[in-house]
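A.B. asks: Data file coords-v3.pdb (PDB, C-alpha atoms and all ligand atoms) is appended below.
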MODEL        1
ATOM      1  CA  MET A  12       6.319  -6.046 -19.631
ATOM      2  CA  GLN A  13       3.968  -4.670 -17.086
ATOM      3  CA  ARG A  14       4.756  -4.400 -13.433
ATOM      4  CA  LYS A  15       2.197  -4.485 -10.739
ATOM      5  CA  MET A  16       1.951  -1.027  -9.324
ATOM      6  CA  VAL A  17       0.313   0.202  -6.209
ATOM      7  CA  TYR A  18      -0.209   3.851  -5.512
ATOM      8  CA  LEU A  19      -0.332   5.279  -2.080
ATOM      9  CA  ALA A  20      -2.352   8.166  -0.794
ATOM     10  CA  LEU A  21      -2.065   9.504   2.705
ATOM     11  CA  CYS A  22      -5.100  10.423   4.713
ATOM     12  CA  ASP A  23      -5.226  14.162   5.290
ATOM     13  CA  THR A  24      -6.567  13.726   8.769
ATOM     14  CA  CYS A  25      -4.759  10.803  10.402
ATOM     15  CA  GLY A  26      -1.944  10.137   7.962
ATOM     16  CA  THR A  27      -2.860   6.515   7.367
ATOM     17  CA  PRO A  28      -1.513   5.319   4.046
ATOM     18  CA  LYS A  29      -4.120   3.960   1.745
ATOM     19  CA  ARG A  30      -3.309   1.554  -0.986
ATOM     20  CA  ILE A  31      -4.793   2.605  -4.230
ATOM     21  CA  THR A  32      -5.220  -0.301  -6.553
ATOM     22  CA  LYS A  33      -5.368  -0.169 -10.286
ATOM     23  CA  TYR A  34      -8.904  -1.379  -9.954
ATOM     24  CA  ALA A  35      -9.819   1.678  -7.951
ATOM     25  CA  LEU A  36      -8.015   3.922 -10.392
ATOM     26  CA  ARG A  37      -9.805   2.411 -13.331
ATOM     27  CA  ASN A  38     -13.249   2.375 -11.868
ATOM     28  CA  GLY A  39     -13.502   5.526  -9.895
ATOM     29  CA  TRP A  40     -10.973   8.222 -10.284
ATOM     30  CA  ARG A  41     -10.529   8.350 -13.977
ATOM     31  CA  ASN A  42     -13.920   9.872 -14.577
ATOM     32  CA  SER A  43     -13.210  12.738 -12.209
ATOM     33  CA  ILE A  44     -16.488  12.222 -10.444
ATOM     34  CA  VAL A  45     -14.807  10.604  -7.493
ATOM     35  CA  THR A  46     -12.566  13.212  -5.932
ATOM     36  CA  GLU A  47     -12.387  11.876  -2.421
ATOM     37  CA  GLU A  48     -11.325   8.649  -0.796
ATOM     38  CA  TYR A  49     -12.877   7.295   2.363
ATOM     39  CA  CYS A  50     -10.553   6.535   5.280
ATOM     40  CA  ASN A  51     -11.374   3.403   7.218
ATOM     41  CA  ASN A  52      -9.301   4.541  10.160
ATOM     42  CA  CYS A  53     -10.692   7.945  11.039
ATOM     43  CA  ARG A  54     -13.788   7.897   8.860
ATOM     44  CA  GLN A  55     -12.899  11.098   7.121
ATOM     45  CA  HIS A  56     -12.704  11.753   3.452
ATOM     46  CA  THR A  57      -9.453  12.722   1.877
ATOM     47  CA  LYS A  58      -9.148  14.576  -1.361
ATOM     48  CA  ILE A  59      -7.444  12.467  -3.964
ATOM     49  CA  PRO A  60      -4.202  14.161  -4.971
ATOM     50  CA  GLU A  61      -4.172  15.669  -8.413
ATOM     51  CA  HIS A  62      -1.107  13.730  -9.524
ATOM     52  CA  LEU A  63      -2.778  10.423  -8.721
ATOM     53  CA  ARG A  64      -5.869  11.427 -10.639
ATOM     54  CA  LYS A  65      -3.635  12.223 -13.555
ATOM     55  CA  ILE A  66      -2.045   8.797 -13.355
ATOM     56  CA  ALA A  67      -5.465   7.224 -13.301
ATOM     57  CA  LYS A  68      -6.454   9.022 -16.451
ATOM     58  CA  GLU A  69      -3.237   8.092 -18.198
ATOM     59  CA  LEU A  70      -3.636   4.450 -17.227
ATOM     60  CA  TYR A  71      -7.111   4.437 -18.610
ATOM     61  CA  LEU A  72      -6.108   6.041 -21.874
ATOM     62  CA  PHE A  73      -3.142   3.730 -22.258
ATOM     63  CA  GLN A  74      -5.233   0.625 -21.784
ATOM     64  CA  HIS A  75      -7.802   1.661 -24.289
ATOM     65  CA  ARG A  76      -5.230   2.609 -26.845
ATOM     66  CA  SER A  77      -3.442  -0.733 -26.692
ATOM     67  CA  VAL A  78      -6.493  -2.959 -27.014
TER      68      VAL A  78
HETATM   69 ZN    ZN B 101      -7.736   8.911   8.187
ENDMDL
END
Rewrite the structure of this file - the entire thing - as structure tokens.
C.D. replies:
Amino acid sequence: MQRKMVYLALCDTCGTPKRITKYALRNGWRNSIVTEEYCNNCRQHTKIPEHLRKIAKELYLFQHRSV
């Protein structure tokens, strides 16, 4: 059973929580090229926390193992 999970990252500048979807994790962060997330509120870029990047990588690996 898989639960829908949403990860949150807080903006470094204004503190606005940003919802990180699995889609974003899969398509951006896992390849380590994307290290920052754009904030729609204050228009600053926030560094993606290391632990979330790790989760993204694990998600990716898990999905490709189980196919
Ligand atoms: Zn912000």
A.B. asks: If you measure from CA of Lys58 (chain A) to CA of Thr46 (chain A), what distance in Å do you get, rounded to one decimal?
C.D. replies: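 So the two atoms, CA of Lys58 (chain A) and CA of Thr46 (chain A), lie 5.9 Å apart.
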A.B. asks: May I ask for the distance between CA of Cys25 (chain A) and CA of Asn52 (chain A), given in Å to one decimal place?
C.D. replies: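 Atom-to-atom, CA of Cys25 (chain A) and CA of Asn52 (chain A) are spaced 7.7 Å apart.
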A.B. asks: Please give me, as a ChimeraX atom specification, the residues lying within 7 Å of ligand ZN 101 (chain B) when counting all atoms listed in the file.
C.D. replies: /A:22-27,50-55
A.B. asks: Using all atoms listed in the file, which of A:Tyr49, A:Glu69, A:His62, A:Arg76 sits nearest Arg30 (chain A)?
C.D. replies: A:Tyr49
A.B. asks: Taking the file as I've supplied it (selection: the PyMOL selection byres (((chain A and resi 60) around 10) and not hetatm)), which residues are included? Please answer as a list in words.
C.D. replies: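 Checking the PyMOL selection byres (((chain A and resi 60) around 10) and not hetatm) against this file, the residues are Ala20, Leu21, Thr46, Glu47, Glu48, Thr57, Lys58, Ile59, Glu61, His62, Leu63, Arg64 and Lys65 of chain A.
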A.B. asks: Enclose the full set of atoms of region 61-70 of chain A listed in the file within a box whose edges lie along x, y and z, apply 5 Å of padding to each of the six sides, and report centre and edge lengths in Å to one decimal as JSON.
C.D. replies:
{"center_x": -3.8, "center_y": 10.1, "center_z": -13.3, "size_x": 15.3, "size_y": 21.2, "size_z": 19.8}
